[in-house]
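Asks: Pasting structure-v5.cif here (mmCIF, C-alpha atoms):
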```
data_data
loop_
_atom_site.label_atom_id
_atom_site.label_comp_id
_atom_site.auth_asym_id
_atom_site.auth_seq_id
_atom_site.Cartn_x
_atom_site.Cartn_y
_atom_site.Cartn_z
CA MET V 719 -61.24 158.66 -59.68
CA GLY V 720 -59.71 155.70 -57.93
CA GLY V 721 -59.02 157.84 -54.85
CA LEU V 722 -62.68 158.89 -54.62
CA CYS V 723 -63.78 155.26 -54.84
CA ASN V 724 -61.27 154.38 -52.14
CA VAL V 725 -62.85 156.97 -49.81
CA ASP V 726 -66.29 155.35 -50.03
CA HIS V 727 -64.73 151.92 -49.61
CA ILE V 728 -62.82 153.01 -46.50
CA ILE V 729 -65.93 154.59 -44.94
CA VAL V 730 -67.96 151.41 -45.42
CA LYS V 731 -65.23 149.18 -44.02
CA ALA V 732 -64.46 151.49 -41.08
CA THR V 733 -68.12 151.68 -40.05
CA ALA V 734 -69.11 148.04 -40.40
CA PRO V 735 -72.04 147.06 -38.14
CA ASN V 736 -70.07 144.62 -36.01
CA GLY V 737 -68.63 144.58 -32.50
CA SER V 738 -65.08 145.50 -33.54
CA PRO V 739 -63.83 148.98 -32.59
CA LEU V 740 -62.78 151.52 -35.21
CA SER V 741 -59.33 150.61 -36.51
CA ASP V 742 -56.59 153.25 -36.56
CA LYS V 743 -55.57 152.21 -40.07
CA TYR V 744 -58.73 153.69 -41.61
CA VAL V 745 -58.04 157.07 -40.00
CA HIS V 746 -54.47 157.06 -41.35
CA GLN V 747 -55.58 155.95 -44.81
CA LEU V 748 -58.08 158.80 -45.07
CA LEU V 749 -55.56 161.38 -43.84
CA ARG V 750 -53.10 160.24 -46.50
CA LEU V 751 -55.76 160.50 -49.21
CA PHE V 752 -56.71 164.01 -48.06
CA ALA V 753 -53.05 165.05 -48.28
CA ILE V 754 -52.34 163.72 -51.78
CA SER V 755 -55.78 164.28 -53.35
CA PRO V 756 -57.76 167.32 -52.08
CA PRO V 757 -61.01 166.26 -53.90
CA CYS V 758 -61.13 163.32 -51.49
CA CYS V 759 -62.13 165.74 -48.75
CA ARG V 760 -65.39 166.52 -50.53
CA ALA V 761 -65.89 162.84 -51.34
CA PHE V 762 -65.56 161.98 -47.66
CA SER V 763 -68.08 164.65 -46.59
CA LEU V 764 -70.65 163.35 -49.06
CA GLY V 765 -69.95 159.70 -48.26
CA PHE V 766 -70.14 160.37 -44.52
CA ALA V 767 -73.47 162.19 -44.92
CA ARG V 768 -74.96 159.28 -46.85
CA ARG V 769 -73.69 156.66 -44.41
CA LEU V 770 -74.84 158.46 -41.25
CA GLY V 771 -78.10 159.67 -42.77
CA LYS V 772 -79.31 156.27 -43.93
CA THR V 773 -78.24 154.00 -41.09
CA ARG V 774 -80.51 152.85 -38.27
CA SER V 775 -77.76 150.87 -36.55
CA TRP V 776 -76.17 152.48 -33.52
CA ARG V 777 -72.88 150.65 -34.27
CA VAL V 778 -72.62 152.22 -37.74
CA ALA V 779 -73.60 155.65 -36.41
CA LEU V 780 -71.13 155.45 -33.52
CA LYS V 781 -68.24 154.50 -35.80
CA CYS V 782 -69.17 157.28 -38.24
CA LEU V 783 -69.04 159.85 -35.45
CA LEU V 784 -65.84 158.45 -33.97
CA LEU V 785 -64.19 158.44 -37.39
CA LEU V 786 -65.14 162.07 -37.96
CA HIS V 787 -64.10 163.00 -34.41
CA ARG V 788 -60.62 161.56 -34.88
CA LEU V 789 -60.19 163.13 -38.33
CA LEU V 790 -61.13 166.54 -36.95
CA ARG V 791 -58.61 166.25 -34.13
CA SER V 792 -55.91 165.27 -36.64
CA SER V 793 -56.64 168.10 -39.11
CA PRO V 794 -55.41 171.71 -38.93
CA GLU V 795 -57.97 174.43 -38.33
CA ASP V 796 -57.55 175.84 -41.85
CA SER V 797 -57.52 172.47 -43.65
CA LEU V 798 -59.56 171.82 -46.79
CA PHE V 799 -61.16 168.89 -44.96
CA ARG V 800 -62.71 171.21 -42.35
CA THR V 801 -63.78 173.65 -45.07
CA GLU V 802 -65.59 170.96 -47.06
CA LEU V 803 -67.22 169.69 -43.89
CA LEU V 804 -68.43 173.19 -43.04
CA ILE V 805 -69.90 173.63 -46.54
CA ASN V 806 -71.85 170.37 -46.29
CA ARG V 807 -73.08 171.25 -42.82
CA SER V 808 -74.22 174.71 -43.91
CA ASN V 809 -76.20 173.38 -46.90
CA GLY V 810 -77.86 170.70 -44.79
CA SER V 811 -76.13 167.68 -46.32
CA ILE V 812 -74.68 166.78 -42.90
CA SER V 813 -76.89 167.24 -39.84
CA LEU V 814 -75.16 166.57 -36.54
CA TYR V 815 -77.21 168.95 -34.40
CA PRO V 816 -80.06 168.41 -34.36
CA CYS V 817 -79.37 164.76 -35.12
CA ASN V 818 -82.25 162.73 -36.52
CA PHE V 819 -80.71 159.32 -35.91
CA ARG V 820 -82.94 156.68 -34.32
CA ASP V 821 -81.70 153.20 -33.46
CA VAL V 822 -83.76 150.13 -34.37
CA SER V 823 -81.04 147.50 -34.03
CA SER V 824 -80.81 146.98 -30.26
CA SER V 825 -82.89 145.81 -27.32
CA ASP V 826 -82.68 149.27 -25.72
CA PRO V 827 -83.02 151.68 -28.66
CA GLU V 828 -83.78 154.74 -26.50
CA SER V 829 -80.48 154.56 -24.59
CA PHE V 830 -78.40 154.04 -27.73
CA THR V 831 -80.29 156.77 -29.61
CA ALA V 832 -79.72 159.23 -26.75
CA PHE V 833 -75.98 158.51 -26.66
CA ILE V 834 -75.55 158.85 -30.43
CA ARG V 835 -77.39 162.17 -30.46
CA SER V 836 -75.34 163.51 -27.55
CA TYR V 837 -72.11 162.42 -29.22
CA ALA V 838 -73.24 163.95 -32.53
CA ARG V 839 -73.79 167.29 -30.80
CA LEU V 840 -70.29 167.14 -29.31
CA VAL V 841 -68.73 166.40 -32.71
CA ASP V 842 -70.78 169.25 -34.19
CA GLU V 843 -69.24 171.71 -31.72
CA ILE V 844 -65.76 170.31 -32.30
CA SER V 845 -66.18 170.95 -36.03
CA ASN V 846 -67.07 174.58 -35.24
CA GLU V 847 -64.34 175.35 -32.76
CA ASP V 848 -61.08 177.18 -33.19
CA ASN V 849 -58.16 174.83 -32.76
CA HIS V 850 -57.18 176.10 -29.32
CA ARG V 851 -54.65 173.30 -28.90
CA ARG V 852 -52.21 174.96 -31.29
CA ARG V 853 -52.62 178.59 -30.35
CA PRO V 854 -50.09 180.42 -28.13
CA GLY V 855 -51.05 181.26 -24.58
CA PRO V 856 -52.09 184.77 -23.50
CA SER V 857 -49.22 187.20 -23.05
CA ASN V 858 -50.76 190.58 -22.22
CA LYS V 859 -53.99 192.14 -20.99
CA SER V 860 -55.00 194.24 -23.98
CA LEU V 861 -58.67 194.49 -24.83
CA GLU V 862 -58.16 192.31 -27.91
CA GLU V 863 -56.26 189.65 -25.95
CA ILE V 864 -58.82 189.56 -23.13
CA GLY V 865 -61.65 189.29 -25.64
CA ARG V 866 -59.92 186.38 -27.36
CA VAL V 867 -59.33 184.56 -24.08
CA LEU V 868 -62.96 185.06 -23.04
CA GLU V 869 -64.15 183.67 -26.37
CA VAL V 870 -61.92 180.58 -26.07
CA LEU V 871 -62.94 179.96 -22.45
CA GLU V 872 -66.65 180.14 -23.30
CA GLN V 873 -66.06 177.74 -26.18
CA ILE V 874 -64.21 175.27 -23.98
CA GLN V 875 -66.89 175.46 -21.30
CA SER V 876 -69.50 174.61 -23.91
CA LEU V 877 -67.41 171.66 -25.11
CA ILE V 878 -67.06 170.36 -21.55
CA ASP V 879 -70.85 170.58 -21.15
CA ARG V 880 -71.25 168.46 -24.29
CA VAL V 881 -68.71 165.94 -22.99
CA ILE V 882 -70.61 165.55 -19.71
CA GLU V 883 -73.87 165.08 -21.63
CA CYS V 884 -72.29 162.08 -23.39
CA LYS V 885 -72.36 160.05 -20.18
CA PRO V 886 -74.09 156.80 -21.24
CA THR V 887 -77.02 155.36 -19.30
CA GLY V 888 -78.66 151.96 -18.99
CA VAL V 889 -77.13 149.10 -20.95
CA THR V 890 -75.02 151.50 -23.01
CA ALA V 891 -72.80 152.25 -20.01
CA ARG V 892 -71.17 148.81 -20.09
CA ASN V 893 -71.12 148.29 -23.85
CA PHE V 894 -67.60 147.72 -25.20
CA LEU V 895 -67.95 149.98 -28.26
CA ILE V 896 -69.51 152.76 -26.19
CA GLN V 897 -66.68 152.55 -23.66
CA THR V 898 -64.14 152.73 -26.50
CA ALA V 899 -65.77 155.93 -27.74
CA MET V 900 -65.91 157.30 -24.18
CA LYS V 901 -62.12 156.96 -23.92
CA HIS V 902 -61.68 159.30 -26.89
CA ILE V 903 -64.34 161.67 -25.59
CA THR V 904 -62.87 161.78 -22.09
CA ARG V 905 -59.26 162.19 -23.25
CA ASP V 906 -60.42 165.06 -25.43
CA SER V 907 -61.84 166.74 -22.31
CA PHE V 908 -58.46 166.39 -20.55
CA VAL V 909 -56.85 168.61 -23.18
CA CYS V 910 -59.73 171.09 -23.09
CA TYR V 911 -59.65 171.36 -19.31
CA THR V 912 -55.87 171.84 -19.22
CA VAL V 913 -56.15 174.74 -21.68
CA PHE V 914 -59.07 176.09 -19.65
CA LYS V 915 -57.10 176.07 -16.38
CA ASN V 916 -54.18 177.91 -17.96
CA ASP V 917 -56.36 180.61 -19.50
CA ILE V 918 -58.61 181.17 -16.50
CA VAL V 919 -55.52 181.96 -14.41
CA PHE V 920 -54.80 184.79 -16.86
CA LEU V 921 -58.43 185.89 -16.61
CA LEU V 922 -58.45 185.97 -12.82
CA GLU V 923 -55.14 187.81 -12.66
CA ASN V 924 -56.67 190.60 -14.77
CA MET V 925 -60.17 190.56 -13.27
CA PHE V 926 -59.63 193.87 -11.45
CA GLN V 927 -57.91 195.64 -14.34
CA MET V 928 -60.50 194.95 -17.04
CA PRO V 929 -60.64 197.82 -19.55
CA THR V 930 -64.47 197.89 -19.75
CA TYR V 931 -67.45 197.03 -17.59
CA ARG V 932 -68.67 194.53 -20.20
CA CYS V 933 -65.34 192.65 -20.12
CA CYS V 934 -65.49 192.53 -16.33
CA ILE V 935 -69.02 191.07 -16.36
CA LEU V 936 -68.14 188.53 -19.07
CA ALA V 937 -65.06 187.47 -17.13
CA PHE V 938 -67.10 187.06 -13.95
CA ASP V 939 -69.73 185.02 -15.80
CA VAL V 940 -67.03 182.65 -17.10
CA TYR V 941 -65.56 182.30 -13.61
CA ARG V 942 -69.00 181.74 -12.07
CA LYS V 943 -69.79 179.04 -14.63
CA ALA V 944 -66.41 177.44 -13.90
CA ALA V 945 -67.55 177.05 -10.27
CA LEU V 946 -70.79 175.39 -11.35
CA GLN V 947 -69.17 173.23 -14.00
CA ALA V 948 -66.35 171.98 -11.78
CA ASP V 949 -68.79 170.01 -9.61
CA ARG V 950 -70.37 168.32 -12.63
CA LEU V 951 -67.01 167.59 -14.24
CA TYR V 952 -65.66 166.11 -10.99
CA GLU V 953 -68.67 163.79 -10.71
CA PHE V 954 -68.34 162.83 -14.40
CA TYR V 955 -64.65 161.95 -13.97
CA GLN V 956 -65.43 159.94 -10.84
CA TRP V 957 -67.99 157.93 -12.81
CA CYS V 958 -65.52 157.40 -15.67
CA LYS V 959 -62.88 156.14 -13.24
CA LEU V 960 -65.40 153.75 -11.71
CA MET V 961 -66.25 152.40 -15.17
CA GLY V 962 -62.59 151.99 -16.11
CA VAL V 963 -62.61 154.71 -18.79
CA CYS V 964 -58.93 155.67 -19.19
CA GLY V 965 -56.31 155.18 -16.48
CA CYS V 966 -56.76 156.97 -13.17
CA TYR V 967 -53.35 158.60 -13.61
CA GLU V 968 -54.55 160.34 -16.80
CA TYR V 969 -57.24 162.46 -15.16
CA PRO V 970 -56.44 166.09 -14.40
CA PHE V 971 -57.14 167.49 -10.96
CA VAL V 972 -60.44 169.38 -11.03
CA ASP V 973 -60.11 172.73 -9.24
CA ARG V 974 -63.34 173.43 -7.36
CA ILE V 975 -64.13 177.07 -6.56
CA PRO V 976 -65.75 177.88 -3.19
CA LEU V 977 -69.17 179.54 -3.18
CA LEU V 978 -67.95 182.24 -0.82
CA GLN V 979 -65.30 183.33 -3.28
CA ILE V 980 -67.94 183.85 -5.98
CA GLN V 981 -70.02 185.90 -3.52
CA ALA V 982 -66.99 187.99 -2.57
CA LEU V 983 -66.14 188.67 -6.21
CA GLU V 984 -69.76 189.60 -6.92
CA SER V 985 -69.86 192.06 -4.05
CA PHE V 986 -66.57 193.64 -5.03
CA ILE V 987 -67.52 194.03 -8.69
CA ASN V 988 -70.84 195.62 -7.67
CA GLY V 989 -68.94 198.32 -5.79
CA MET V 990 -66.17 198.65 -8.35
CA TRP V 991 -68.34 199.63 -11.32
CA GLU V 992 -71.22 202.03 -11.72
CA ILE V 993 -73.40 202.31 -14.82
CA LYS V 994 -75.82 204.98 -15.97
CA ASP V 995 -79.45 204.47 -16.83
CA ASP V 996 -81.33 206.28 -19.61
CA ASN V 997 -81.82 209.39 -17.41
CA GLY V 998 -78.14 209.68 -16.65
CA ASP V 999 -78.49 208.47 -13.06
CA HIS V 1000 -75.96 206.05 -11.65
CA GLN V 1001 -77.10 202.61 -10.62
CA SER V 1002 -75.45 199.48 -9.32
CA PRO V 1003 -75.04 196.50 -11.65
CA SER V 1004 -76.00 194.16 -8.83
CA SER V 1005 -79.69 194.30 -9.71
CA SER V 1006 -79.16 193.05 -13.24
CA SER V 1007 -76.04 191.16 -14.25
CA LEU V 1008 -74.91 189.62 -10.98
CA SER V 1009 -78.02 189.21 -8.82
CA SER V 1010 -78.54 185.47 -9.34
CA THR V 1011 -74.95 184.35 -8.79
CA ALA V 1012 -75.19 183.08 -5.24
CA GLU V 1013 -78.44 181.22 -5.86
CA LYS V 1014 -77.13 179.48 -9.00
CA VAL V 1015 -73.89 178.38 -7.39
CA GLY V 1016 -75.64 177.32 -4.20
CA ASP V 1017 -78.18 175.16 -6.01
CA GLU V 1018 -75.47 173.20 -7.84
CA GLY V 1019 -73.16 172.53 -4.90
CA GLU V 1020 -74.15 169.34 -3.11
CA GLU V 1021 -70.93 168.68 -1.23
CA GLU V 1022 -70.08 170.86 1.75
CA ARG V 1023 -66.74 172.57 1.23
CA GLN V 1024 -64.27 174.40 3.42
CA PRO V 1025 -65.00 178.11 2.89
CA LEU V 1026 -62.26 180.41 1.66
CA ILE V 1027 -63.31 183.13 4.12
CA LYS V 1028 -64.70 182.08 7.48
CA LEU V 1029 -67.43 184.14 9.07
CA ASN V 1030 -68.61 183.80 12.66
CA ASP V 1031 -71.55 181.47 13.21
CA ASP V 1032 -73.65 184.33 14.61
CA ASP V 1033 -73.11 186.55 11.57
CA ASP V 1034 -75.64 186.93 8.80
CA ASP V 1035 -73.97 186.31 5.46
CA SER V 1036 -74.93 189.68 4.04
CA TRP V 1037 -72.97 191.21 1.23
CA GLU V 1038 -71.38 193.67 3.68
CA ASP V 1039 -70.05 190.79 5.80
CA ILE V 1040 -68.79 188.89 2.80
CA LEU V 1041 -67.11 191.97 1.34
CA GLU V 1042 -65.53 192.84 4.69
CA ALA V 1043 -64.31 189.27 5.08
CA SER V 1044 -62.87 189.28 1.58
CA VAL V 1045 -60.70 192.37 1.89
CA VAL V 1046 -57.42 192.91 3.68
CA ASN V 1047 -56.79 196.11 5.63
CA PHE V 1048 -53.35 197.47 4.95
CA SER V 1049 -52.76 200.29 7.42
CA SER V 1050 -49.89 202.75 7.24
CA HIS V 1051 -48.13 202.31 10.58
CA GLY V 1052 -46.91 205.56 12.08
CA SER V 1053 -48.48 207.81 9.40
CA ASP V 1054 -51.59 209.92 8.98
CA GLU V 1055 -52.60 208.25 5.72
CA LYS V 1056 -55.98 206.57 5.55
CA ASP V 1057 -56.21 202.82 5.53
CA GLU V 1058 -56.36 201.26 2.09
CA TRP V 1059 -58.74 198.40 1.41
CA ARG V 1060 -57.88 195.83 -1.21
CA ILE V 1061 -59.55 192.58 -2.09
CA GLN V 1062 -57.52 189.36 -2.20
CA VAL V 1063 -59.15 186.52 -4.10
CA TYR V 1064 -57.72 183.03 -3.88
CA ASN V 1065 -56.98 181.44 -7.25
CA PRO V 1066 -57.47 177.66 -6.90
CA PHE V 1067 -55.89 177.06 -10.29
CA ASP V 1068 -52.37 178.03 -9.20
CA GLY V 1069 -52.62 178.30 -5.41
CA LYS V 1070 -52.04 182.07 -5.23
CA TYR V 1071 -53.97 185.16 -4.18
CA VAL V 1072 -54.96 187.82 -6.69
CA SER V 1073 -55.12 191.39 -5.42
CA SER V 1074 -57.31 194.22 -6.66
CA ASP V 1075 -54.26 196.46 -6.44
CA PRO V 1076 -51.98 195.86 -9.46
CA ASN V 1077 -49.00 197.15 -7.41
CA TYR V 1078 -49.54 194.68 -4.60
CA PRO V 1079 -47.53 191.45 -5.00
CA TRP V 1080 -49.23 188.12 -4.55
CA GLY V 1081 -48.65 185.96 -1.54
CA HIS V 1082 -48.86 182.18 -1.38
#
```
Could you express the structure from this file as structure tokens?
Replies:
Amino acid sequence: MGGLCNVDHIIVKATAPNGSPLSDKYVHQLLRLFAISPPCCRAFSLGFARRLGKTRSWRVALKCLLLLHRLLRSSPEDSLFRTELLINRSNGSISLYPCNFRDVSSSDPESFTAFIRSYARLVDEISNEDNHRRRPGPSNKSLEEIGRVLEVLEQIQSLIDRVIECKPTGVTARNFLIQTAMKHITRDSFVCYTVFKNDIVFLLENMFQMPTYRCCILAFDVYRKAALQADRLYEFYQWCKLMGVCGCYEYPFVDRIPLLQIQALESFINGMWEIKDDNGDHQSPSSSSLSSTAEKVGDEGEEERQPLIKLNDDDDDSWEDILEASVVNFSSHGSDEKDEWRIQVYNPFDGKYVSSDPNYPWGH
């Protein structure tokens, strides 16, 4: 019983409504209690729900979320702590998204309320995720492995979106406690993005050997979103550096994917797969799954980039031109064999080219 009382006491002390940042000692104390007394996990979930649900102070709410964030990152995926948290979220005891918090303790309650709600949504997704930090990397291109990688990549992309949404505005941007929380949020994104870069290399390497049309489309959608998201993540990191969030040396290099590469991939996939309609007739997937790719990527890109494939100024950038510019003609010198056309797509994540022919070696 003493351990359960200690949990409530630690929560109250850790989330005091003052200007002091969350102390590491409270995180370590709770982790020790969870290890030696499993019922403390349930006590924490209930105590956390009460504390966050009743407060109208952004300082208390921020420390509650940061405390939970750090406990989640320190707990195994299959821990009792995560299980108890999931139970209390499913029965409505803990509501992180949507978050009903509203600040009444500051001179700019709208800005602080918006940040707390954005951070709560991020923590909500973290509590749902698989612990991709501890899983082994992809080793083969089986259907099961590709499906798992696609699932993880989509999850990480969603987490990165939530991180970017946590960018504070107004007076919150220069608040000391907010900046302390932003350091944990931003460092968390470093790990996510590193895992993302490693797995998307595997995805791009196997783009042209996908076992099913659905896998190919899902892989392309992930890669297309990576192109859109890279611009936003780059701008977010630039803002964080300007505000002094983390050291400049800590930030990973953001690989930005050229628009023309997305167009080339789209054109190639359109010609690579054919699907049947209800009458049994073949039709191109370009009219459904991939038609809006160029427009979506083009709308997001504000900075002019060096194109991967250069077309002449007089050429119209039709899909035929892009496809022709994105393939390499390998002719058989001195033989009667027909020329073979293979696409080579540049992979910005490891500086290599990926060929549509599995027997063709990459070139730097």
Asks: Report as a VMD selection string the residues that result from applying the PyMOL selection byres ((chain V and resi 969) around 9) to the structure here.
Replies: chain V and resid 904 to 905 908 955 959 964 to 968 970 to 972
Asks: Check which residues satisfy the PyMOL selection byres ((chain V and resi 913) around 10) in the file shown, then give them as a list in words.
Replies: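 Checking the PyMOL selection byres ((chain V and resi 913) around 10) against this file, the residues are His850, Arg851, Gly855, Val870, Leu871, Ile874, Ser907, Phe908, Val909, Cys910, Tyr911, Thr912, Phe914, Lys915, Asn916, Asp917 and Ile918 of chain V.
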Asks: Taking C-alpha atoms for each residue, export the selection above as an mmCIF file, in the frame of the given file.
Replies:
```cif
data_model
loop_
_atom_site.group_PDB
_atom_site.id
_atom_site.type_symbol
_atom_site.label_atom_id
_atom_site.label_comp_id
_atom_site.auth_asym_id
_atom_site.auth_seq_id
_atom_site.Cartn_x
_atom_site.Cartn_y
_atom_site.Cartn_z
ATOM 1 C CA HIS V 850 -57.180 176.100 -29.320
ATOM 2 C CA ARG V 851 -54.650 173.300 -28.900
ATOM 3 C CA GLY V 855 -51.050 181.260 -24.580
ATOM 4 C CA VAL V 870 -61.920 180.580 -26.070
ATOM 5 C CA LEU V 871 -62.940 179.960 -22.450
ATOM 6 C CA ILE V 874 -64.210 175.270 -23.980
ATOM 7 C CA SER V 907 -61.840 166.740 -22.310
ATOM 8 C CA PHE V 908 -58.460 166.390 -20.550
ATOM 9 C CA VAL V 909 -56.850 168.610 -23.180
ATOM 10 C CA CYS V 910 -59.730 171.090 -23.090
ATOM 11 C CA TYR V 911 -59.650 171.360 -19.310
ATOM 12 C CA THR V 912 -55.870 171.840 -19.220
ATOM 13 C CA PHE V 914 -59.070 176.090 -19.650
ATOM 14 C CA LYS V 915 -57.100 176.070 -16.380
ATOM 15 C CA ASN V 916 -54.180 177.910 -17.960
ATOM 16 C CA ASP V 917 -56.360 180.610 -19.500
ATOM 17 C CA ILE V 918 -58.610 181.170 -16.500
#
```
Asks: Rounded to one decimal, what separation in Å do you get between CA of Pro827 (chain V) and CA of Val730 (chain V)?
Replies: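 CA of Pro827 (chain V) sits 22.5 Å away from CA of Val730 (chain V).
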Asks: Could you tell me, as a ChimeraX atom specification, exactly which residues end up selected when the PyMOL selection byres ((chain V and resi 765) around 12) is applied to this structure?
Replies: /V:722-730,733,758-764,766-772,782,786,803,806,811-812
Asks: Have a look at V:Asp973, V:Glu863, V:Cys817, V:Ser825 and name the one nearest to Phe920 (chain V); count all atoms listed in the file.
Replies: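 The closest residue to Phe920 (chain V) is V:Glu863.
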Asks: Name the residues in contact with Tyr815 (chain V) at a cut-off of 7 Å, using only C-alpha atoms, excluding same-chain residues fewer than 3 positions from it; report them as a count of residues only.
Replies: 3
Asks: Rank nothing, just name the residue among V:Leu740, V:Leu798, V:Leu960, V:Val940 nearest to Ala753 (chain V), using all atoms listed in the file.
Replies: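 Distance minimum relative to Ala753 (chain V) lands on V:Leu798.
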Asks: To one decimal place in Å, what is the distance between CA of Gln947 (chain V) and CA of Ile882 (chain V)?
Replies: 9.7 Å
Asks: Using only C-alpha atoms, can you tell me which of V:Ile896, V:Glu847, V:Lys781, V:Phe833 comes closest to Leu877 (chain V)?
Replies: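 Among the listed residues, V:Glu847 lies closest to Leu877 (chain V).
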Asks: Please tell me which residues are no farther than 10 Å from (-67.3, 187.5, -15.5) in the file, counting all atoms listed in the file, and write them as a ChimeraX atom specification.
Replies: /V:868,921-922,925,931-943,983-984,987,1007-1008
Asks: Just the number, please: distance in Å from CA of Thr930 (chain V) to CA of Ala945 (chain V), one decimal.
Replies: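 It comes out at 23.1 Å.
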Asks: Can you work out which one of V:Leu785, V:Cys884, V:Ala734, V:Ala779 has the shortest atom-to-atom distance to Leu749 (chain V), counting all atoms listed in the file?
Replies: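 Ranking V:Leu785, V:Cys884, V:Ala734, V:Ala779 by distance to Leu749 (chain V), first place goes to V:Leu785.
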